[in-house]
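Chemist: A single structure is presented below for examination.
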Amino acid sequence: MSSLLGHSFIGFARGQSTAAAYRAINPATATALEPDFFPATATEADKACALAALATPALAALSGKQKATFLRDIATRIEAATPSLVARATQETGLPEARCQGEIGRTMGQLRLFADLVEKGDWLDARIETANPDRKPLPKPDHRSLLRPIGPVAVFCASNFPFAYSVAGGDTASAFAAGCPVIVMGHHAHIGTAEIMGGLIVEAVKANHLPEGTFSLLMGEGRVIGQQVAKHPALRAIGFTGSRVGGRALMDTAAARSTPIPVYAEMSSVNPVVLLEGALASRGEAIATGLVGSCTLGVGQFCTQPGLIVLTRSAAAESFINKLCALVTDCADGVMLTAGIHQAYQKGLTARAAQSGVKVIAQGKSSGQPNRAIPTLFATDAKTFVADGSLQEEIFGPSSLVIWCADQREVDAVLGALHGNLTATVHGTDAELGQHAALIDRLEAVAGRVVVNGFPTGVEVSHAIVHGGPYPSLSDGRTTSVGSNAIYRFTRLVCFQNYPDAALPAELQNANPLGLSRLVNGTRSSSAL
Ligand code: NAP
């Protein structure tokens, strides 16, 4: 693609690096794509951070309307550039065109959702405690608080979402919405797509007369350039989606800084699915079909892929597993995002197959083409699972582990042993769901989203979605990386004491000029004071 230069965006300037170049690879054919991409130099990464620091006060001063206009402008530019984004992303990721189109739609939807949110302003949680000079024994001061942007944010793109979790994805959209400058670390798996997207954001920054440091896009290795950015004194927070090893490395770097900063890393999740006997007896075939679809969707490369299937031995369960195995055996292999991810999948399968007490019970077909993952189903028993924590490690791809339990006590033991997950699912009849309230409570304890009689893949971007859960699914299980609540990750509370009215942010002024819903002396109100 001739319009790609292969250089980073350092604010409005392009990188000048002549360091060793790399290329994106088409995983479907294992061939390199033009052009060369040049890793940012250490000086360029420093410059991006310094520019972001300079841009911070101006971005923090933007009104909700100004931020909304900027976010919508990015979405409009993405809409216009969709054909070139899709053309490049399909080559770089092996993802089908329809998936790329859909993900671009979601990305624009996220930007517009945040635009709507910040335009209204209620999200800022404005609170006012009026003064009482006559209070005894001490006068009460005037206190007014709201959320302010945290400052420069580094965003590490995900391999498995070239749009929705990448350059203009949810982390970037929520950081911009909060009023923070963003430095993106492009993912080598789709670096050309990143360059096109980065160019669109830079154009939007200029068109909206925002400071140069509002946005930079760095090319190169996360382990080198990304680590440098993570250590930079100007940085205030990190958003990351990827492996547990990568997320954990950034958490450790951030904690070891002389000024530690928060890391919002979305890492690994195995998304347990508990199947109760009555549901299997009444609709086992439909559950098997839905489950195989969910396990293999996007070649299993979703963080919400159901990796654990928990059930108790019964005639209905045996017949369900027979159906599940037949469906998996019929599945074709699918091209994975990168050769590295494919190798990791193969390694994961080999290691699991060699584990004592675990066996392969079904495997799909192989086409013999490069970088293809074959859907694979393993089985073990509850005692083996509980005793071996490594069986909870994510095998990123279309593979799941069936856990056979002898009785409800073993199901409880399995659920009690679970680490944190993004989702947990239960299938049961109405009567079973009523009888198993404690089981559902156990699922809530280990996951950010509990699904009843459905499947965990397919994440709705909304005000109520939670895409987060206890560690290791998220580094900070109090947050979400999808949906409008993701904005709170890039904010901090500030209280203004005894400020003159005119010096206060508009959101906190007596007249309530923005018409916000505020907590005034403990009572919610949209009125002026
Ligand atoms: P990754 O290796 O964690 O990389 C994600 C991003 O973080 C890349 O830009 C990478 O840069 C950077 N990074 C990795 N290690 C780092 C470190 N120590 N310090 C700073 N930056 C670092 O994930 P991936 O490339 O997307 O896929 C590899 C594996 O991650 C998969 O096989 C899968 O197991 C897992 N994964 C899980 C999910 C999920 O949703 N659960 C999603 C995607 C991937 P460089 O590679 O350029 O250094």
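By order in the structure tokens, chains are A, B, ...; within a chain, residues start at 1; ligands start at 1, following the order shown.
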When DSSP works through the backbone of this structure, what residues of stretch 290-383 of chain A end up as strand (DSSP E or B), shown as a PyMOL selection string?
Modeler: chain A and resi 308-312+334-335+359-363+372-373+376-381
Chemist: With only C-alpha atoms and all ligand atoms counted, collect every polymer residue having an atom within 9 Å of ligand 1; state the result as number ranges by chain.
Modeler: A: 156-161, 185-189, 219-228, 230, 240-250, 253, 266-270, 301-305, 337-338, 340-345, 394-397, 473
Chemist: Enumerate as a ChimeraX atom specification all residues of stretch 246-334 of chain A assigned to helix (DSSP H, G or I) by DSSP on the backbone, naming them with the chain letters and numbers the document uses.
Modeler: /A:246-256,277-300,315-330
Chemist: Would you save the residues of that selection, restricted to N, CA and C atoms, as a compact mmCIF listing (two decimals), in the first residue's frame?
Modeler:
```
# COMPACT_ATOMS: atom_id res chain seq x y z
N GLY A 246 2.51 -10.24 29.30
CA GLY A 246 2.71 -8.84 28.90
C GLY A 246 2.07 -7.88 29.88
N GLY A 247 0.83 -8.15 30.27
CA GLY A 247 0.12 -7.28 31.21
C GLY A 247 0.83 -7.22 32.55
N ARG A 248 1.28 -8.41 32.99
CA ARG A 248 1.94 -8.47 34.29
C ARG A 248 3.27 -7.70 34.25
N ALA A 249 3.97 -7.79 33.12
CA ALA A 249 5.25 -7.07 32.99
C ALA A 249 5.01 -5.57 33.12
N LEU A 250 3.94 -5.08 32.51
CA LEU A 250 3.64 -3.65 32.60
C LEU A 250 3.19 -3.27 34.01
N MET A 251 2.42 -4.14 34.66
CA MET A 251 2.02 -3.87 36.04
C MET A 251 3.27 -3.74 36.93
N ASP A 252 4.22 -4.65 36.72
CA ASP A 252 5.44 -4.64 37.54
C ASP A 252 6.27 -3.39 37.26
N THR A 253 6.37 -3.02 35.97
CA THR A 253 7.11 -1.80 35.62
C THR A 253 6.45 -0.58 36.28
N ALA A 254 5.11 -0.52 36.18
CA ALA A 254 4.39 0.65 36.71
C ALA A 254 4.54 0.74 38.22
N ALA A 255 4.54 -0.43 38.88
CA ALA A 255 4.65 -0.43 40.35
C ALA A 255 6.06 -0.08 40.80
N ALA A 256 7.07 -0.36 39.96
CA ALA A 256 8.46 -0.13 40.34
C ALA A 256 8.91 1.31 40.06
N GLU A 277 -28.26 -30.30 34.86
CA GLU A 277 -28.82 -31.49 34.22
C GLU A 277 -30.15 -31.23 33.50
N GLY A 278 -31.04 -30.47 34.14
CA GLY A 278 -32.36 -30.24 33.55
C GLY A 278 -32.24 -29.51 32.22
N ALA A 279 -31.34 -28.54 32.15
CA ALA A 279 -31.16 -27.79 30.89
C ALA A 279 -30.62 -28.72 29.81
N LEU A 280 -29.70 -29.61 30.19
CA LEU A 280 -29.13 -30.55 29.20
C LEU A 280 -30.20 -31.53 28.73
N ALA A 281 -31.09 -31.95 29.66
CA ALA A 281 -32.14 -32.90 29.28
C ALA A 281 -33.14 -32.24 28.35
N SER A 282 -33.45 -30.95 28.60
CA SER A 282 -34.52 -30.32 27.81
C SER A 282 -34.02 -29.68 26.52
N ARG A 283 -32.75 -29.22 26.49
CA ARG A 283 -32.29 -28.57 25.26
C ARG A 283 -30.79 -28.77 25.05
N GLY A 284 -30.35 -29.98 25.28
CA GLY A 284 -28.92 -30.30 25.18
C GLY A 284 -28.35 -30.04 23.79
N GLU A 285 -29.11 -30.39 22.76
CA GLU A 285 -28.59 -30.22 21.38
C GLU A 285 -28.37 -28.74 21.08
N ALA A 286 -29.34 -27.92 21.48
CA ALA A 286 -29.23 -26.48 21.20
C ALA A 286 -28.05 -25.90 21.99
N ILE A 287 -27.86 -26.35 23.22
CA ILE A 287 -26.73 -25.83 24.01
C ILE A 287 -25.42 -26.26 23.36
N ALA A 288 -25.35 -27.51 22.88
CA ALA A 288 -24.11 -27.99 22.24
C ALA A 288 -23.79 -27.15 21.00
N THR A 289 -24.81 -26.88 20.19
CA THR A 289 -24.58 -26.09 18.97
C THR A 289 -24.11 -24.68 19.33
N GLY A 290 -24.81 -24.07 20.30
CA GLY A 290 -24.45 -22.70 20.69
C GLY A 290 -23.05 -22.65 21.28
N LEU A 291 -22.72 -23.66 22.07
CA LEU A 291 -21.43 -23.66 22.76
C LEU A 291 -20.28 -23.84 21.77
N VAL A 292 -20.44 -24.74 20.81
CA VAL A 292 -19.37 -24.92 19.82
C VAL A 292 -19.20 -23.63 19.00
N GLY A 293 -20.31 -22.98 18.67
CA GLY A 293 -20.23 -21.70 17.94
C GLY A 293 -19.46 -20.67 18.75
N SER A 294 -19.74 -20.62 20.05
CA SER A 294 -19.09 -19.64 20.91
C SER A 294 -17.59 -19.97 21.10
N CYS A 295 -17.28 -21.27 21.22
CA CYS A 295 -15.88 -21.69 21.43
C CYS A 295 -15.01 -21.43 20.20
N THR A 296 -15.61 -21.51 19.02
CA THR A 296 -14.81 -21.43 17.79
C THR A 296 -14.96 -20.08 17.07
N LEU A 297 -15.84 -19.22 17.58
CA LEU A 297 -16.05 -17.91 16.95
C LEU A 297 -14.72 -17.15 16.86
N GLY A 298 -14.45 -16.62 15.67
CA GLY A 298 -13.19 -15.87 15.50
C GLY A 298 -11.97 -16.75 15.76
N VAL A 299 -12.09 -18.05 15.44
CA VAL A 299 -11.02 -19.04 15.70
C VAL A 299 -10.65 -19.02 17.19
N GLY A 300 -11.67 -18.82 18.01
CA GLY A 300 -11.45 -18.89 19.46
C GLY A 300 -10.62 -17.77 20.02
N ALA A 315 -27.20 -39.16 32.41
CA ALA A 315 -27.45 -39.64 31.03
C ALA A 315 -27.53 -38.44 30.08
N ALA A 316 -28.19 -37.35 30.54
CA ALA A 316 -28.34 -36.17 29.68
C ALA A 316 -26.97 -35.54 29.39
N ALA A 317 -26.09 -35.56 30.41
CA ALA A 317 -24.76 -34.96 30.24
C ALA A 317 -23.92 -35.80 29.27
N GLU A 318 -24.02 -37.14 29.38
CA GLU A 318 -23.26 -38.02 28.47
C GLU A 318 -23.70 -37.76 27.03
N SER A 319 -25.02 -37.69 26.85
CA SER A 319 -25.51 -37.52 25.48
C SER A 319 -25.13 -36.12 24.94
N PHE A 320 -25.12 -35.12 25.84
CA PHE A 320 -24.69 -33.77 25.45
C PHE A 320 -23.22 -33.78 25.00
N ILE A 321 -22.38 -34.44 25.76
CA ILE A 321 -20.94 -34.45 25.41
C ILE A 321 -20.73 -35.21 24.09
N ASN A 322 -21.50 -36.26 23.85
CA ASN A 322 -21.39 -36.97 22.56
C ASN A 322 -21.71 -36.02 21.41
N LYS A 323 -22.77 -35.24 21.59
CA LYS A 323 -23.17 -34.28 20.56
C LYS A 323 -22.07 -33.21 20.38
N LEU A 324 -21.55 -32.72 21.52
CA LEU A 324 -20.52 -31.68 21.47
C LEU A 324 -19.29 -32.20 20.71
N CYS A 325 -18.90 -33.44 21.00
CA CYS A 325 -17.72 -34.03 20.33
C CYS A 325 -17.99 -34.16 18.83
N ALA A 326 -19.19 -34.56 18.48
CA ALA A 326 -19.50 -34.73 17.04
C ALA A 326 -19.40 -33.38 16.33
N LEU A 327 -19.89 -32.34 16.98
CA LEU A 327 -19.85 -31.01 16.37
C LEU A 327 -18.40 -30.51 16.23
N VAL A 328 -17.61 -30.73 17.26
CA VAL A 328 -16.20 -30.28 17.21
C VAL A 328 -15.46 -31.04 16.11
N THR A 329 -15.71 -32.34 16.00
CA THR A 329 -15.04 -33.16 14.98
C THR A 329 -15.34 -32.64 13.58
N ASP A 330 -16.51 -32.06 13.42
CA ASP A 330 -16.92 -31.52 12.11
C ASP A 330 -16.33 -30.15 11.81
```
Chemist: What's around A:Pro141 at 8 Å? Count only C-alpha atoms, leave out sequence neighbours fewer than 3 positions away in its own chain, and write the answer as JSON, numbers by chain.
Modeler: {"A": [130, 131, 132, 133, 497, 498]}
Chemist: Nearest residue to A:Arg442 out of A:Arg524, A:Val274, A:Cys495, A:Val358, using only C-alpha atoms?
Modeler: A:Val274
Chemist: From the list A:Ala486, A:Val310, A:Met197, A:Ala68, which residue is nearest A:Ala413 when using only C-alpha atoms?
Modeler: A:Val310
Chemist: Tell me which of A:Ala80, A:Ala61, A:Ala265, A:Leu439 sits closest to A:Gly179, counting only C-alpha atoms.
Modeler: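 Ranked by minimum distance to A:Gly179, first place goes to A:Ala61.
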Chemist: Pick out the residues sitting within 10 Å of A:Ala447, and hand them over as number ranges by chain; count only C-alpha atoms, and ignore anything fewer than 2 positions along from it in its own chain.
Modeler: A: 269, 271-272, 418-425, 442-445, 449-451, 466-471, 473, 477
Chemist: Pick the closest to A:Pro96 from A:Leu200, A:Lys359, A:Gly334, A:Ile487: which is it, counting only C-alpha atoms?
Modeler: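 Of A:Leu200, A:Lys359, A:Gly334, A:Ile487, the one nearest A:Pro96, counting only C-alpha atoms, is A:Gly334.
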Chemist: Do you know which residues are at most 10 Å from A:Pro211 counting only C-alpha atoms, after dropping those on the same chain fewer than 6 positions away, and could you put them as a ChimeraX atom specification?
Modeler: /A:11-12,51-52,54-59,181,205
Chemist: Create the file for the chosen residues now, containing N, CA and C atoms and written as an mmCIF file, in the first residue's frame.
Modeler:
```
data_model
loop_
_atom_site.group_PDB
_atom_site.id
_atom_site.type_symbol
_atom_site.label_atom_id
_atom_site.label_comp_id
_atom_site.auth_asym_id
_atom_site.auth_seq_id
_atom_site.Cartn_x
_atom_site.Cartn_y
_atom_site.Cartn_z
ATOM 1 N N GLY A 11 3.253 13.201 17.747
ATOM 2 C CA GLY A 11 2.412 14.384 17.588
ATOM 3 C C GLY A 11 2.105 14.568 16.108
ATOM 4 N N PHE A 12 2.382 15.774 15.588
ATOM 5 C CA PHE A 12 2.081 16.039 14.173
ATOM 6 C C PHE A 12 3.233 15.621 13.251
ATOM 7 N N LEU A 51 5.477 15.733 24.572
ATOM 8 C CA LEU A 51 4.368 16.450 23.915
ATOM 9 C C LEU A 51 3.050 16.193 24.646
ATOM 10 N N ALA A 52 2.863 14.938 25.072
ATOM 11 C CA ALA A 52 1.624 14.596 25.793
ATOM 12 C C ALA A 52 1.534 15.396 27.092
ATOM 13 N N LEU A 54 2.835 18.309 27.639
ATOM 14 C CA LEU A 54 2.523 19.703 27.280
ATOM 15 C C LEU A 54 1.039 19.883 26.945
ATOM 16 N N ALA A 55 0.442 18.845 26.343
ATOM 17 C CA ALA A 55 -0.959 18.950 25.912
ATOM 18 C C ALA A 55 -1.939 18.789 27.070
ATOM 19 N N THR A 56 -1.458 18.263 28.192
ATOM 20 C CA THR A 56 -2.368 17.864 29.279
ATOM 21 C C THR A 56 -3.280 18.990 29.781
ATOM 22 N N PRO A 57 -2.748 20.197 30.117
ATOM 23 C CA PRO A 57 -3.659 21.224 30.660
ATOM 24 C C PRO A 57 -4.729 21.655 29.658
ATOM 25 N N ALA A 58 -4.345 21.777 28.378
ATOM 26 C CA ALA A 58 -5.343 22.231 27.390
ATOM 27 C C ALA A 58 -6.443 21.185 27.219
ATOM 28 N N LEU A 59 -6.078 19.904 27.230
ATOM 29 C CA LEU A 59 -7.108 18.866 27.086
ATOM 30 C C LEU A 59 -7.996 18.817 28.323
ATOM 31 N N PRO A 181 -4.358 13.041 27.078
ATOM 32 C CA PRO A 181 -3.590 12.739 25.871
ATOM 33 C C PRO A 181 -3.289 11.238 25.817
ATOM 34 N N VAL A 205 -7.259 15.662 15.342
ATOM 35 C CA VAL A 205 -6.632 16.537 16.348
ATOM 36 C C VAL A 205 -6.410 17.925 15.739
#
```
Chemist: With a distance cut-off of 7 Å and only C-alpha atoms, select the neighbouring residues of A:Arg23, excluding the residue or stretch itself and same-chain residues fewer than 5 positions from it, and output the selection as a list in words.
Modeler: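 Everything that qualifies: Ala32, Leu33, Glu34, Pro35, Asp36 and Phe37 of chain A.
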Chemist: What does the file look like for those residues with N, CA, C and O atoms, as a CSV table (one decimal), in the first residue's frame?
Modeler:
```
chain,number,residue,atom,x,y,z
A,32,ALA,N,5.1,-11.8,3.7
A,32,ALA,CA,5.3,-10.4,4.3
A,32,ALA,C,4.6,-9.4,3.4
A,32,ALA,O,4.5,-9.6,2.1
A,33,LEU,N,4.0,-8.4,4.0
A,33,LEU,CA,3.3,-7.3,3.3
A,33,LEU,C,4.2,-6.1,3.2
A,33,LEU,O,4.9,-5.8,4.2
A,34,GLU,N,4.0,-5.3,2.1
A,34,GLU,CA,4.7,-4.0,2.1
A,34,GLU,C,4.0,-3.0,2.9
A,34,GLU,O,2.8,-3.2,3.1
A,35,PRO,N,4.5,-1.9,3.3
A,35,PRO,CA,5.9,-1.6,3.2
A,35,PRO,C,6.7,-2.0,4.4
A,35,PRO,O,6.2,-2.7,5.3
A,36,ASP,N,7.9,-1.5,4.6
A,36,ASP,CA,8.7,-1.7,5.8
A,36,ASP,C,8.1,-0.7,6.9
A,36,ASP,O,7.7,0.4,6.5
A,37,PHE,N,8.2,-1.2,8.1
A,37,PHE,CA,7.8,-0.3,9.2
A,37,PHE,C,9.0,-0.1,10.1
A,37,PHE,O,9.8,-1.1,10.3
```
Chemist: Need to verify the contact set: A:Ser517, 12 Å, only C-alpha atoms, exclusion of same-chain residues closer than 4 positions in sequence. Can you return it as a short mmCIF file (atom, residue, chain, number, x, y, z; two decimals) with all heavy atoms, in the first residue's frame?
Modeler:
```
data_model
loop_
_atom_site.label_atom_id
_atom_site.label_comp_id
_atom_site.auth_asym_id
_atom_site.auth_seq_id
_atom_site.Cartn_x
_atom_site.Cartn_y
_atom_site.Cartn_z
N LYS A 120 -23.13 15.24 27.85
CA LYS A 120 -24.13 15.49 28.91
C LYS A 120 -23.44 15.90 30.22
O LYS A 120 -23.93 16.76 30.92
CB LYS A 120 -24.96 14.22 29.13
CG LYS A 120 -25.89 13.91 27.95
CD LYS A 120 -27.00 12.97 28.36
CE LYS A 120 -27.74 12.41 27.16
NZ LYS A 120 -27.11 11.21 26.58
N GLY A 121 -22.36 15.26 30.56
CA GLY A 121 -21.58 15.70 31.74
C GLY A 121 -21.98 15.10 33.07
O GLY A 121 -21.26 15.26 34.04
N ASP A 122 -23.12 14.39 33.14
CA ASP A 122 -23.52 13.84 34.44
C ASP A 122 -22.51 12.83 34.98
O ASP A 122 -22.41 12.61 36.19
CB ASP A 122 -24.89 13.16 34.34
CG ASP A 122 -26.01 14.18 34.18
OD1 ASP A 122 -25.82 15.32 34.62
OD2 ASP A 122 -27.06 13.82 33.62
N TRP A 123 -21.74 12.22 34.08
CA TRP A 123 -20.79 11.17 34.47
C TRP A 123 -19.71 11.69 35.43
O TRP A 123 -19.09 10.92 36.14
CB TRP A 123 -20.10 10.59 33.22
CG TRP A 123 -19.11 11.54 32.61
CD1 TRP A 123 -19.38 12.55 31.74
CD2 TRP A 123 -17.70 11.58 32.85
NE1 TRP A 123 -18.23 13.22 31.42
CE2 TRP A 123 -17.17 12.64 32.08
CE3 TRP A 123 -16.82 10.82 33.62
CZ2 TRP A 123 -15.81 12.96 32.08
CZ3 TRP A 123 -15.46 11.14 33.62
CH2 TRP A 123 -14.97 12.20 32.85
N LEU A 124 -19.53 13.03 35.46
CA LEU A 124 -18.44 13.62 36.25
C LEU A 124 -18.65 13.49 37.75
O LEU A 124 -17.75 13.76 38.53
CB LEU A 124 -18.30 15.10 35.91
CG LEU A 124 -17.64 15.38 34.56
CD1 LEU A 124 -17.96 16.78 34.09
CD2 LEU A 124 -16.14 15.20 34.69
N ASP A 125 -19.86 13.06 38.17
CA ASP A 125 -20.18 12.86 39.58
C ASP A 125 -19.93 14.14 40.39
O ASP A 125 -19.24 14.12 41.42
CB ASP A 125 -19.37 11.68 40.16
CG ASP A 125 -19.93 11.21 41.50
OD1 ASP A 125 -21.10 11.56 41.80
OD2 ASP A 125 -19.21 10.53 42.24
N ALA A 126 -20.51 15.24 39.90
CA ALA A 126 -20.36 16.52 40.60
C ALA A 126 -21.08 16.45 41.96
O ALA A 126 -22.23 16.05 42.04
CB ALA A 126 -20.95 17.64 39.75
N ARG A 127 -20.35 16.86 43.01
CA ARG A 127 -20.92 16.83 44.37
C ARG A 127 -20.65 18.16 45.07
O ARG A 127 -19.55 18.70 44.95
CB ARG A 127 -20.28 15.71 45.19
CG ARG A 127 -20.61 14.35 44.65
CD ARG A 127 -19.91 13.27 45.44
NE ARG A 127 -20.27 11.98 44.89
CZ ARG A 127 -20.48 10.89 45.62
NH1 ARG A 127 -20.34 10.93 46.92
NH2 ARG A 127 -20.82 9.76 45.05
N ILE A 128 -21.63 18.63 45.78
CA ILE A 128 -21.49 19.93 46.46
C ILE A 128 -21.93 19.77 47.92
O ILE A 128 -23.01 19.24 48.20
CB ILE A 128 -22.36 21.00 45.76
CG1 ILE A 128 -21.87 21.20 44.32
CG2 ILE A 128 -22.35 22.31 46.55
CD1 ILE A 128 -22.75 22.12 43.48
N GLU A 507 -19.25 22.94 35.98
CA GLU A 507 -20.06 21.82 36.50
C GLU A 507 -20.43 22.00 37.97
O GLU A 507 -21.38 21.40 38.45
CB GLU A 507 -19.27 20.50 36.36
CG GLU A 507 -19.06 20.01 34.94
CD GLU A 507 -17.83 20.62 34.25
OE1 GLU A 507 -17.21 21.55 34.83
OE2 GLU A 507 -17.51 20.17 33.14
N LEU A 508 -19.63 22.82 38.68
CA LEU A 508 -19.83 22.95 40.12
C LEU A 508 -20.35 24.33 40.52
O LEU A 508 -20.52 24.60 41.72
CB LEU A 508 -18.50 22.66 40.84
CG LEU A 508 -17.95 21.24 40.70
CD1 LEU A 508 -16.57 21.12 41.33
CD2 LEU A 508 -18.90 20.23 41.32
N ASN A 512 -25.52 26.11 38.17
CA ASN A 512 -25.60 24.83 37.45
C ASN A 512 -25.83 25.09 35.95
O ASN A 512 -26.81 24.61 35.36
CB ASN A 512 -26.71 23.94 38.02
CG ASN A 512 -26.57 22.49 37.55
OD1 ASN A 512 -25.56 22.10 36.95
ND2 ASN A 512 -27.61 21.69 37.80
N PRO A 513 -24.91 25.85 35.31
CA PRO A 513 -25.15 26.28 33.93
C PRO A 513 -25.25 25.12 32.94
O PRO A 513 -25.85 25.27 31.88
CB PRO A 513 -23.91 27.14 33.60
CG PRO A 513 -22.87 26.75 34.60
CD PRO A 513 -23.62 26.34 35.82
N THR A 523 -28.33 15.14 48.57
CA THR A 523 -29.55 14.88 47.81
C THR A 523 -29.31 15.17 46.34
O THR A 523 -28.73 16.21 45.99
CB THR A 523 -30.71 15.78 48.33
OG1 THR A 523 -30.85 15.54 49.71
CG2 THR A 523 -32.01 15.49 47.60
N ARG A 524 -29.76 14.26 45.46
CA ARG A 524 -29.55 14.47 44.02
C ARG A 524 -30.44 15.61 43.53
O ARG A 524 -31.63 15.67 43.88
CB ARG A 524 -29.84 13.16 43.28
CG ARG A 524 -29.32 13.14 41.90
CD ARG A 524 -28.72 11.81 41.47
NE ARG A 524 -27.42 11.50 42.02
CZ ARG A 524 -26.27 12.05 41.62
NH1 ARG A 524 -26.25 12.96 40.68
NH2 ARG A 524 -25.12 11.68 42.15
N SER A 525 -29.85 16.51 42.73
CA SER A 525 -30.62 17.68 42.28
C SER A 525 -30.05 18.19 40.96
O SER A 525 -28.85 18.13 40.71
CB SER A 525 -30.50 18.79 43.34
OG SER A 525 -30.82 20.04 42.77
N SER A 526 -30.95 18.68 40.09
CA SER A 526 -30.51 19.32 38.85
C SER A 526 -30.76 20.82 38.90
O SER A 526 -30.65 21.51 37.88
CB SER A 526 -31.29 18.73 37.65
OG SER A 526 -31.08 17.35 37.59
N SER A 527 -31.10 21.33 40.07
CA SER A 527 -31.44 22.75 40.20
C SER A 527 -30.20 23.59 40.48
O SER A 527 -29.16 23.08 40.89
CB SER A 527 -32.41 22.96 41.36
OG SER A 527 -33.51 22.09 41.21
N ALA A 528 -30.37 24.90 40.28
CA ALA A 528 -29.32 25.84 40.70
C ALA A 528 -29.36 25.94 42.23
O ALA A 528 -30.36 25.60 42.85
CB ALA A 528 -29.59 27.20 40.08
#
```
